[in-house]
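**Student:** Contents of coords_6.csv (CSV, C-alpha atoms) are given next:
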chain,number,residue,atom,x,y,z
B,1,MET,CA,97.6,70.0,91.6
B,2,GLU,CA,99.9,73.0,91.1
B,3,PHE,CA,98.2,75.8,89.3
B,4,ASN,CA,100.1,76.9,86.2
B,5,PHE,CA,99.9,80.7,86.0
B,6,LYS,CA,102.1,80.8,82.9
B,7,ARG,CA,99.7,78.6,81.1
B,8,LEU,CA,96.7,80.7,82.2
B,9,TRP,CA,98.5,83.9,81.0
B,10,VAL,CA,99.3,82.4,77.6
B,11,VAL,CA,95.8,81.1,77.1
B,12,THR,CA,94.3,84.4,78.1
B,13,VAL,CA,96.5,86.3,75.7
B,14,LEU,CA,95.8,83.9,72.9
B,15,CYS,CA,92.1,84.0,73.5
B,16,VAL,CA,92.2,87.8,73.1
B,17,VAL,CA,94.4,87.6,70.0
B,18,GLY,CA,92.2,84.8,68.5
B,19,PHE,CA,89.1,86.9,69.0
B,20,ILE,CA,90.6,90.0,67.5
B,21,SER,CA,92.0,88.0,64.5
B,22,ALA,CA,88.6,86.4,63.9
B,23,GLU,CA,86.9,89.8,63.8
B,24,VAL,CA,89.4,92.1,62.2
B,25,PHE,CA,88.3,91.4,58.7
B,26,ALA,CA,84.7,92.0,59.3
B,27,ASP,CA,84.8,94.9,56.9
B,28,ASP,CA,87.4,96.4,54.5
B,29,SER,CA,88.1,99.4,56.8
B,30,ALA,CA,89.5,97.0,59.4
B,31,GLU,CA,91.9,95.1,57.1
B,32,ASP,CA,94.8,97.6,57.3
B,33,SER,CA,94.9,97.3,61.1
B,34,VAL,CA,96.9,94.1,60.8
B,35,TYR,CA,99.4,95.1,58.2
B,36,GLU,CA,103.0,95.7,59.3
B,37,PRO,CA,105.7,96.4,56.6
B,38,VAL,CA,109.1,94.8,57.1
B,39,PRO,CA,111.2,97.4,59.1
B,40,ALA,CA,114.8,98.4,58.5
B,41,MET,CA,117.2,95.9,60.0
B,42,LYS,CA,118.7,96.9,63.3
B,43,HIS,CA,122.3,95.9,64.2
B,44,PRO,CA,123.5,95.4,67.8
B,45,SER,CA,125.5,98.3,69.3
B,46,ASP,CA,128.5,96.0,69.8
B,47,ASN,CA,128.3,94.7,66.2
B,48,THR,CA,127.5,97.7,64.0
B,49,TRP,CA,127.2,97.3,60.2
B,50,SER,CA,129.8,98.1,57.6
B,51,GLN,CA,130.0,96.9,54.0
B,52,ASP,CA,133.4,95.4,54.6
B,53,LYS,CA,132.1,93.4,57.6
B,54,GLU,CA,129.2,92.1,55.6
B,55,GLU,CA,131.5,91.0,52.8
B,56,LEU,CA,133.8,89.3,55.2
B,57,GLY,CA,130.8,87.6,56.8
B,58,LYS,CA,129.8,86.4,53.3
B,59,MET,CA,133.2,84.8,52.7
B,60,LEU,CA,133.1,83.0,56.0
B,61,TYR,CA,129.5,81.9,55.5
B,62,PHE,CA,130.5,80.1,52.2
B,63,ASP,CA,133.8,78.8,53.4
B,64,PRO,CA,133.9,75.0,54.2
B,65,ARG,CA,137.2,75.5,56.1
B,66,LEU,CA,135.1,76.6,59.0
B,67,SER,CA,134.3,72.8,59.5
B,68,GLY,CA,136.7,70.2,60.8
B,69,SER,CA,136.2,68.1,57.7
B,70,ASN,CA,136.7,71.2,55.4
B,71,TRP,CA,133.6,70.3,53.4
B,72,ILE,CA,130.7,71.8,55.5
B,73,SER,CA,130.0,75.5,55.4
B,74,CYS,CA,127.2,77.5,56.8
B,75,ALA,CA,125.8,77.5,53.3
B,76,THR,CA,125.7,73.7,53.2
B,77,CYS,CA,122.7,73.7,55.6
B,78,HIS,CA,121.5,77.2,54.7
B,79,ASN,CA,121.8,77.2,51.0
B,80,PRO,CA,120.5,80.4,49.1
B,81,GLY,CA,119.3,78.1,46.3
B,82,LEU,CA,117.2,76.1,48.7
B,83,GLY,CA,115.4,78.9,50.5
B,84,TRP,CA,118.4,79.4,52.8
B,85,SER,CA,117.7,75.9,54.2
B,86,ASP,CA,118.9,72.6,52.7
B,87,GLY,CA,115.8,71.1,51.1
B,88,LEU,CA,116.0,68.0,53.4
B,89,PRO,CA,113.5,66.9,56.1
B,90,ARG,CA,116.4,66.8,58.6
B,91,THR,CA,119.9,68.2,58.0
B,92,ILE,CA,123.0,66.2,57.5
B,93,GLY,CA,125.9,66.9,59.8
B,94,ASP,CA,129.5,65.7,60.3
B,95,GLU,CA,130.3,62.3,58.9
B,96,GLN,CA,127.1,62.4,56.8
B,97,LYS,CA,124.9,61.7,59.9
B,98,GLU,CA,121.3,62.7,59.8
B,99,LEU,CA,120.4,65.1,62.7
B,100,GLY,CA,117.1,65.3,64.4
B,101,ARG,CA,115.7,68.6,63.1
B,102,HIS,CA,115.0,70.5,59.9
B,103,SER,CA,117.5,73.2,59.0
B,104,PRO,CA,115.8,76.6,59.7
B,105,THR,CA,116.0,79.2,57.0
B,106,ILE,CA,118.3,82.2,57.5
B,107,ILE,CA,115.7,84.5,55.8
B,108,ASN,CA,114.7,87.4,58.1
B,109,SER,CA,116.5,85.7,61.0
B,110,GLY,CA,117.9,89.1,62.0
B,111,TYR,CA,114.3,90.0,63.1
B,112,PHE,CA,113.9,87.0,65.4
B,113,GLU,CA,114.1,87.5,69.1
B,114,VAL,CA,115.9,84.1,69.6
B,115,GLN,CA,117.5,81.6,67.3
B,116,MET,CA,117.2,77.8,66.8
B,117,TRP,CA,114.1,75.7,67.1
B,118,ASP,CA,114.4,75.6,70.8
B,119,GLY,CA,115.6,79.2,71.3
B,120,ARG,CA,118.8,78.2,72.9
B,121,LYS,CA,120.7,80.9,71.1
B,122,LYS,CA,119.9,84.5,72.0
B,123,SER,CA,121.4,86.3,69.1
B,124,LEU,CA,122.7,85.7,65.6
B,125,GLU,CA,126.2,86.1,66.9
B,126,ASP,CA,125.7,83.4,69.5
B,127,GLN,CA,124.1,81.1,66.9
B,128,ALA,CA,126.8,81.7,64.3
B,129,LYS,CA,129.6,80.2,66.3
B,130,GLY,CA,127.5,77.4,67.8
B,131,PRO,CA,127.4,74.9,64.9
B,132,ILE,CA,131.1,75.5,64.2
B,133,ALA,CA,132.1,73.7,67.3
B,134,ALA,CA,129.2,71.3,67.6
B,135,SER,CA,130.5,67.8,67.2
B,136,VAL,CA,127.5,66.6,65.2
B,137,GLU,CA,127.4,69.6,62.9
B,138,MET,CA,130.6,71.3,61.7
B,139,ASN,CA,132.9,69.7,64.3
B,140,GLN,CA,135.6,72.3,64.2
B,141,ASP,CA,138.0,73.2,67.0
B,142,TYR,CA,138.0,77.0,67.5
B,143,ASP,CA,141.8,77.2,68.0
B,144,GLU,CA,142.4,75.1,64.9
B,145,LEU,CA,140.1,77.3,62.9
B,146,ILE,CA,141.9,80.5,64.0
B,147,ARG,CA,145.2,79.0,63.0
B,148,GLU,CA,143.9,78.0,59.6
B,149,LEU,CA,142.4,81.5,58.9
B,150,LYS,CA,145.6,83.3,60.2
B,151,SER,CA,147.6,81.3,57.6
B,152,LEU,CA,145.6,83.0,54.8
B,153,PRO,CA,146.8,86.5,54.1
B,154,GLY,CA,143.5,87.5,52.5
B,155,TYR,CA,141.6,86.8,55.7
B,156,VAL,CA,144.1,88.5,57.9
B,157,ARG,CA,143.9,91.7,55.8
B,158,SER,CA,140.1,91.5,55.9
B,159,PHE,CA,139.9,91.1,59.7
B,160,ASP,CA,142.5,93.9,60.2
B,161,ARG,CA,140.4,96.2,58.0
B,162,VAL,CA,137.1,95.4,59.8
B,163,PHE,CA,138.1,94.8,63.4
B,164,GLY,CA,141.6,96.2,63.8
B,165,LYS,CA,145.0,94.5,64.2
B,166,ASN,CA,145.2,91.1,65.8
B,167,ALA,CA,141.4,90.7,65.9
B,168,LEU,CA,140.9,87.4,64.2
B,169,THR,CA,139.0,85.7,66.9
B,170,ILE,CA,136.0,83.3,67.1
B,171,ASP,CA,133.8,86.1,68.4
B,172,ASN,CA,134.7,88.4,65.5
B,173,ILE,CA,134.1,85.5,63.1
B,174,ALA,CA,130.6,85.2,64.5
B,175,LYS,CA,130.0,88.9,64.3
B,176,ALA,CA,131.0,89.0,60.6
B,177,ILE,CA,128.7,86.0,59.8
B,178,ALA,CA,125.8,87.5,61.7
B,179,THR,CA,126.3,90.8,59.9
B,180,PHE,CA,126.0,89.0,56.5
B,181,GLU,CA,123.0,87.0,57.7
B,182,ARG,CA,121.2,90.2,58.7
B,183,SER,CA,121.4,91.2,55.0
B,184,VAL,CA,119.2,88.2,54.0
B,185,ILE,CA,115.8,89.9,54.0
B,186,SER,CA,112.5,89.0,52.3
B,187,LYS,CA,110.3,92.0,51.6
B,188,ASN,CA,108.2,93.6,48.8
B,189,ALA,CA,106.0,90.6,48.4
B,190,PRO,CA,102.6,90.8,46.6
B,191,TYR,CA,101.1,91.1,50.2
B,192,ASP,CA,103.1,94.3,50.7
B,193,LYS,CA,102.2,95.7,47.3
B,194,TYR,CA,98.6,95.0,48.0
B,195,TRP,CA,98.7,97.1,51.2
B,196,GLU,CA,100.7,99.8,49.4
B,197,GLY,CA,97.7,100.3,47.1
B,198,ASP,CA,98.1,97.8,44.3
B,199,LYS,CA,95.0,95.7,44.8
B,200,SER,CA,95.8,93.7,41.7
B,201,ALA,CA,99.0,92.3,43.4
B,202,MET,CA,97.0,89.5,45.1
B,203,SER,CA,94.5,87.2,43.4
B,204,ALA,CA,91.0,86.9,44.8
B,205,SER,CA,92.0,83.5,46.1
B,206,ALA,CA,95.0,84.9,48.0
B,207,VAL,CA,92.8,87.7,49.5
B,208,ASN,CA,90.3,85.2,50.7
B,209,GLY,CA,93.3,83.2,52.1
B,210,MET,CA,94.5,86.3,53.9
B,211,ASN,CA,91.1,86.7,55.5
B,212,LEU,CA,91.1,83.1,56.6
B,213,PHE,CA,94.7,83.4,57.9
B,214,PHE,CA,93.7,86.3,60.2
B,215,GLY,CA,90.3,84.8,60.9
B,216,LYS,CA,88.8,81.3,60.8
B,217,ALA,CA,92.1,79.5,60.3
B,218,LYS,CA,93.6,81.2,63.4
B,219,CYS,CA,97.1,81.3,61.8
B,220,ALA,CA,97.8,84.8,63.1
B,221,ILE,CA,97.6,83.8,66.7
B,222,CYS,CA,101.2,82.7,66.4
B,223,HIS,CA,102.2,84.0,62.9
B,224,ASN,CA,101.9,87.7,63.3
B,225,GLY,CA,104.0,90.9,62.9
B,226,PRO,CA,106.0,92.0,59.9
B,227,VAL,CA,107.8,88.7,59.4
B,228,PHE,CA,104.9,86.5,60.6
B,229,THR,CA,106.3,85.1,63.9
B,230,ASP,CA,105.6,85.8,67.5
B,231,SER,CA,109.1,84.4,68.3
B,232,GLY,CA,107.3,82.2,70.9
B,233,PHE,CA,107.3,78.5,71.5
B,234,HIS,CA,104.2,76.2,70.9
B,235,ASN,CA,103.5,72.5,70.9
B,236,ILE,CA,101.3,72.1,67.8
B,237,GLY,CA,101.1,68.3,67.9
B,238,VAL,CA,103.8,67.3,65.4
B,239,LYS,CA,104.3,63.6,65.1
B,240,PRO,CA,107.9,62.2,65.7
B,241,ALA,CA,110.0,61.8,62.5
B,242,GLY,CA,113.6,60.9,61.9
B,243,PRO,CA,116.2,59.7,64.4
B,244,LEU,CA,114.6,61.5,67.4
B,245,LYS,CA,111.7,59.5,68.6
B,246,VAL,CA,111.1,62.0,71.4
B,247,ASP,CA,112.1,65.7,71.1
B,248,LEU,CA,111.2,67.9,74.0
B,249,GLY,CA,112.1,71.1,72.2
B,250,ARG,CA,112.0,74.2,74.3
B,251,TYR,CA,111.7,72.2,77.5
B,252,ASN,CA,115.4,71.2,77.1
B,253,GLU,CA,116.2,74.9,77.8
B,254,SER,CA,113.5,76.1,80.1
B,255,LYS,CA,112.8,72.9,82.1
B,256,ASP,CA,109.2,74.0,82.3
B,257,ASP,CA,106.7,71.3,81.7
B,258,PHE,CA,104.6,73.8,79.8
B,259,ASP,CA,107.3,73.8,77.1
B,260,LYS,CA,107.5,70.0,76.5
B,261,GLY,CA,107.3,69.5,72.7
B,262,ALA,CA,107.2,73.2,72.0
B,263,PHE,CA,109.2,74.8,69.2
B,264,LYS,CA,109.8,78.3,67.9
B,265,THR,CA,107.3,79.8,65.5
B,266,PRO,CA,109.0,80.1,62.2
B,267,GLY,CA,108.6,83.3,60.0
B,268,LEU,CA,106.5,82.8,56.9
B,269,ARG,CA,108.0,85.2,54.4
B,270,ASP,CA,109.4,83.3,51.4
B,271,ILE,CA,108.0,80.2,53.0
B,272,THR,CA,107.4,78.5,49.7
B,273,LYS,CA,111.1,78.2,49.2
B,274,SER,CA,112.2,76.3,52.3
B,275,ALA,CA,110.2,73.0,52.2
B,276,PRO,CA,109.8,70.6,53.9
B,277,TYR,CA,108.2,72.0,57.0
B,278,MET,CA,107.9,71.7,60.8
B,279,HIS,CA,110.8,71.4,63.2
B,280,ASN,CA,111.5,67.8,62.0
B,281,GLY,CA,110.6,68.2,58.3
B,282,SER,CA,107.6,65.9,58.7
B,283,GLU,CA,105.3,67.9,56.3
B,284,ALA,CA,106.5,67.9,52.7
B,285,THR,CA,104.4,70.7,51.2
B,286,LEU,CA,102.4,73.8,52.2
B,287,GLN,CA,99.3,71.8,51.3
B,288,ASP,CA,100.3,69.2,53.8
B,289,VAL,CA,100.9,71.8,56.5
B,290,ILE,CA,97.3,73.2,55.9
B,291,GLU,CA,95.9,69.7,56.2
B,292,PHE,CA,97.9,69.1,59.4
B,293,TYR,CA,96.3,72.2,61.0
B,294,ASP,CA,92.9,71.4,59.6
B,295,ARG,CA,92.8,68.0,61.4
B,296,GLY,CA,94.1,69.6,64.6
B,297,GLY,CA,97.6,68.2,64.6
B,298,ASP,CA,98.7,64.6,65.0
B,299,THR,CA,99.5,64.2,68.7
B,300,LYS,CA,97.7,65.5,71.7
B,301,GLU,CA,100.2,65.3,74.6
B,302,ASN,CA,100.8,68.8,76.0
B,303,VAL,CA,99.5,70.3,72.8
B,304,SER,CA,98.4,73.9,72.7
B,305,PRO,CA,94.7,74.4,73.4
B,306,PHE,CA,94.4,76.4,70.1
B,307,ILE,CA,95.3,73.4,68.0
B,308,THR,CA,91.9,72.1,67.1
B,309,PRO,CA,90.2,70.9,63.9
B,310,LEU,CA,89.4,73.9,61.6
B,311,GLU,CA,86.8,72.3,59.3
B,312,LEU,CA,88.1,74.2,56.3
B,313,THR,CA,86.7,73.5,52.9
B,314,ASN,CA,88.9,72.4,50.0
B,315,GLN,CA,88.6,75.8,48.5
B,316,GLU,CA,89.6,77.5,51.8
B,317,LYS,CA,92.7,75.3,52.0
B,318,MET,CA,93.7,76.2,48.5
B,319,ASP,CA,93.1,79.9,49.3
B,320,LEU,CA,95.4,79.7,52.3
B,321,VAL,CA,98.2,78.3,50.2
B,322,GLU,CA,97.7,81.1,47.7
B,323,PHE,CA,98.1,83.6,50.5
B,324,LEU,CA,101.2,82.0,51.7
B,325,LYS,CA,102.6,82.2,48.1
B,326,ALA,CA,101.8,85.9,48.2
B,327,LEU,CA,104.3,86.3,51.0
B,328,ASP,CA,107.3,85.5,48.7
B,329,GLY,CA,109.3,88.7,48.4
B,330,ASP,CA,111.8,90.0,45.8
B,331,PRO,CA,114.5,87.5,44.9
B,332,ILE,CA,117.3,87.6,47.4
B,333,LEU,CA,120.3,87.7,45.1
B,334,VAL,CA,123.7,86.7,46.3
B,335,THR,CA,126.9,85.9,44.4
B,336,PHE,CA,129.4,83.3,45.6
B,337,PRO,CA,132.4,85.2,47.0
B,338,MET,CA,136.1,84.7,46.1
B,339,LEU,CA,137.6,83.0,49.1
B,340,PRO,CA,141.1,83.7,50.3
Please, can you express the file's structure as C-alpha cells?
**Tutor:**
Amino acid sequence: MEFNFKRLWVVTVLCVVGFISAEVFADDSAEDSVYEPVPAMKHPSDNTWSQDKEELGKMLYFDPRLSGSNWISCATCHNPGLGWSDGLPRTIGDEQKELGRHSPTIINSGYFEVQMWDGRKKSLEDQAKGPIAASVEMNQDYDELIRELKSLPGYVRSFDRVFGKNALTIDNIAKAIATFERSVISKNAPYDKYWEGDKSAMSASAVNGMNLFFGKAKCAICHNGPVFTDSGFHNIGVKPAGPLKVDLGRYNESKDDFDKGAFKTPGLRDITKSAPYMHNGSEATLQDVIEFYDRGGDTKENVSPFITPLELTNQEKMDLVEFLKALDGDPILVTFPMLP
C-alpha cells in the first residue's frame, strides 16, 4: 500500500493544534493567546482600492444584466439581507434549476486564501467572473455582456474614470466586483469587545462556549485565525443532499484521493445570518450543526480522523451556539445603487 505522506503531515499538524487548543484555556492568562482581531483588508497590487472602483463594483454586483436572462445578479445568490448568501439549502441557477451546493457567503471572503467550496478559484477576481459565464449559473456570454454595458453611457463613464479609456473588459468587471466584495467585512463582534476589555460583552454561557470551541469541542482545529477558517479542505462526513448524490469536492481539482469529499472550511463570523449550513445546506440551524459534530458526522468514507463523537452535554451544546452568536459583528450596511 502506498504511504500517504500528505495525510501523515496533516494528521501530525492537527494533533499538535488539537493538543494546544485543548490546553490553551487551562487558566485565564492563556486565553488571550488565541485571540486575533480582524486585520485591515489587503488589496492586490494589480487591483488597488479606490472609492470609485468600489462604487462601480457595487453597481455591477446588483445588476441583473450581468446574466444571460437579465434577472440574476451576484446579489441574487449573495443577498445582503440573507447573510450575503441566499437562505436556500442549495442555490438556484439559470432556468430556475437547483444546483448542488449551498451559496457561500461573501462576508469576509477577501480574507480567504481561495474561493468556492472546492477552492477552484484562487482570487476574488477569478471568482467574480466565473459564475457570469457558467451555463448553470448566470449563463452570460462575455462578449454580449460587454456590448450591453458599452451601450449604457453611465457604465462607460464609470469604467473610463476608474480604469481609463476603452477599459470596459471582463477582467475589469471582475476587478470592480472583487473590490466591492472586499468591503463586506464582519468585525467588532461581542467576541472582539470581550478581548478589548469589556468582559460584559459575552454572557457566561458564551464564554463557556468559547472555552469549549477552543478545547473539548475541537472546533478551532479548522476554524481558527481572525475570521475563523484555516482556508483548508476537510471531509467532515456530511451526508449527500440535493441533486448531487456524490460530490467529491476538492478532489475534482486536486485529483488527490486524500481530498475526496473534502470542502473548504467556511469562516464563522456572522455565521448566524447565513443558514442553512454545510456545503450542501444539509443542516438547517446552528443547533443542527453542533449535533452533527457531536455525533461524529454522518458518513465515514475518507472522513477526517478528527471527526469523532464529542459527548457534549445539552448545556455545552447550547453554550457553543451562544459563542457562535457572539461572533456576529456590527451590521454590514449597504444601500442599493442607482444602476445606469
**Student:** Provide the CA of Asp294 in chain B to CA of Cys219 in chain B distance in Å, to one decimal place.
**Tutor:**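 Separation of CA of Asp294 in chain B and CA of Cys219 in chain B: 11.0 Å.
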**Student:** Which residues come within 7 Å of range 310-312 of chain B, counting all atoms listed in the file, excluding same-chain residues fewer than 3 positions away, as a list in words?
**Tutor:**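 Using all atoms listed in the file, the neighbours found are Ala217, Asp294, Arg295, Glu316 and Lys317 of chain B.
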**Student:** Excluding Leu149 in chain B and any residue of its chain fewer than 3 positions from it, enumerate the residues within 12 Å of it, using only C-alpha atoms, and give them as a PDB file with C-alpha atoms, in the coordinates of the input.
**Tutor:**
ATOM      1  CA  MET B  59     133.200  84.800  52.700  1.00  0.00           C
ATOM      2  CA  LEU B  60     133.100  83.000  56.000  1.00  0.00           C
ATOM      3  CA  ASP B  63     133.800  78.800  53.400  1.00  0.00           C
ATOM      4  CA  PRO B  64     133.900  75.000  54.200  1.00  0.00           C
ATOM      5  CA  ARG B  65     137.200  75.500  56.100  1.00  0.00           C
ATOM      6  CA  LEU B  66     135.100  76.600  59.000  1.00  0.00           C
ATOM      7  CA  SER B  67     134.300  72.800  59.500  1.00  0.00           C
ATOM      8  CA  TYR B 142     138.000  77.000  67.500  1.00  0.00           C
ATOM      9  CA  ASP B 143     141.800  77.200  68.000  1.00  0.00           C
ATOM     10  CA  GLU B 144     142.400  75.100  64.900  1.00  0.00           C
ATOM     11  CA  LEU B 145     140.100  77.300  62.900  1.00  0.00           C
ATOM     12  CA  ILE B 146     141.900  80.500  64.000  1.00  0.00           C
ATOM     13  CA  LEU B 152     145.600  83.000  54.800  1.00  0.00           C
ATOM     14  CA  PRO B 153     146.800  86.500  54.100  1.00  0.00           C
ATOM     15  CA  GLY B 154     143.500  87.500  52.500  1.00  0.00           C
ATOM     16  CA  TYR B 155     141.600  86.800  55.700  1.00  0.00           C
ATOM     17  CA  VAL B 156     144.100  88.500  57.900  1.00  0.00           C
ATOM     18  CA  ARG B 157     143.900  91.700  55.800  1.00  0.00           C
ATOM     19  CA  SER B 158     140.100  91.500  55.900  1.00  0.00           C
ATOM     20  CA  PHE B 159     139.900  91.100  59.700  1.00  0.00           C
ATOM     21  CA  ALA B 167     141.400  90.700  65.900  1.00  0.00           C
ATOM     22  CA  LEU B 168     140.900  87.400  64.200  1.00  0.00           C
ATOM     23  CA  THR B 169     139.000  85.700  66.900  1.00  0.00           C
ATOM     24  CA  ILE B 170     136.000  83.300  67.100  1.00  0.00           C
ATOM     25  CA  ILE B 173     134.100  85.500  63.100  1.00  0.00           C
ATOM     26  CA  LEU B 339     137.600  83.000  49.100  1.00  0.00           C
ATOM     27  CA  PRO B 340     141.100  83.700  50.300  1.00  0.00           C
TER      28      PRO B 340
END
**Student:** Give the answer as one residue: which of B:Arg182, B:His279, B:Lys122, B:His78 has the shortest atom-to-atom distance to Ser50 in chain B, using only C-alpha atoms?
**Tutor:**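 The answer is B:Arg182, which sits nearest to Ser50 in chain B.
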**Student:** Which residues are close to Ala133 in chain B, i.e. within 9 Å by all atoms listed in the file, leaving aside same-chain residues fewer than 4 positions away? Reply as number ranges by chain.
**Tutor:** B: 67-68, 129, 137-142
**Student:** Determine, counting all atoms listed in the file, which protein, DNA and RNA residues have an atom within 12 Å of an atom of Ala204 in chain B; residues of the same chain fewer than 4 positions away are not included. Present the result as number ranges by chain.
**Tutor:** B: 194, 199-200, 208-211, 315-316, 318-320, 322-323, 326
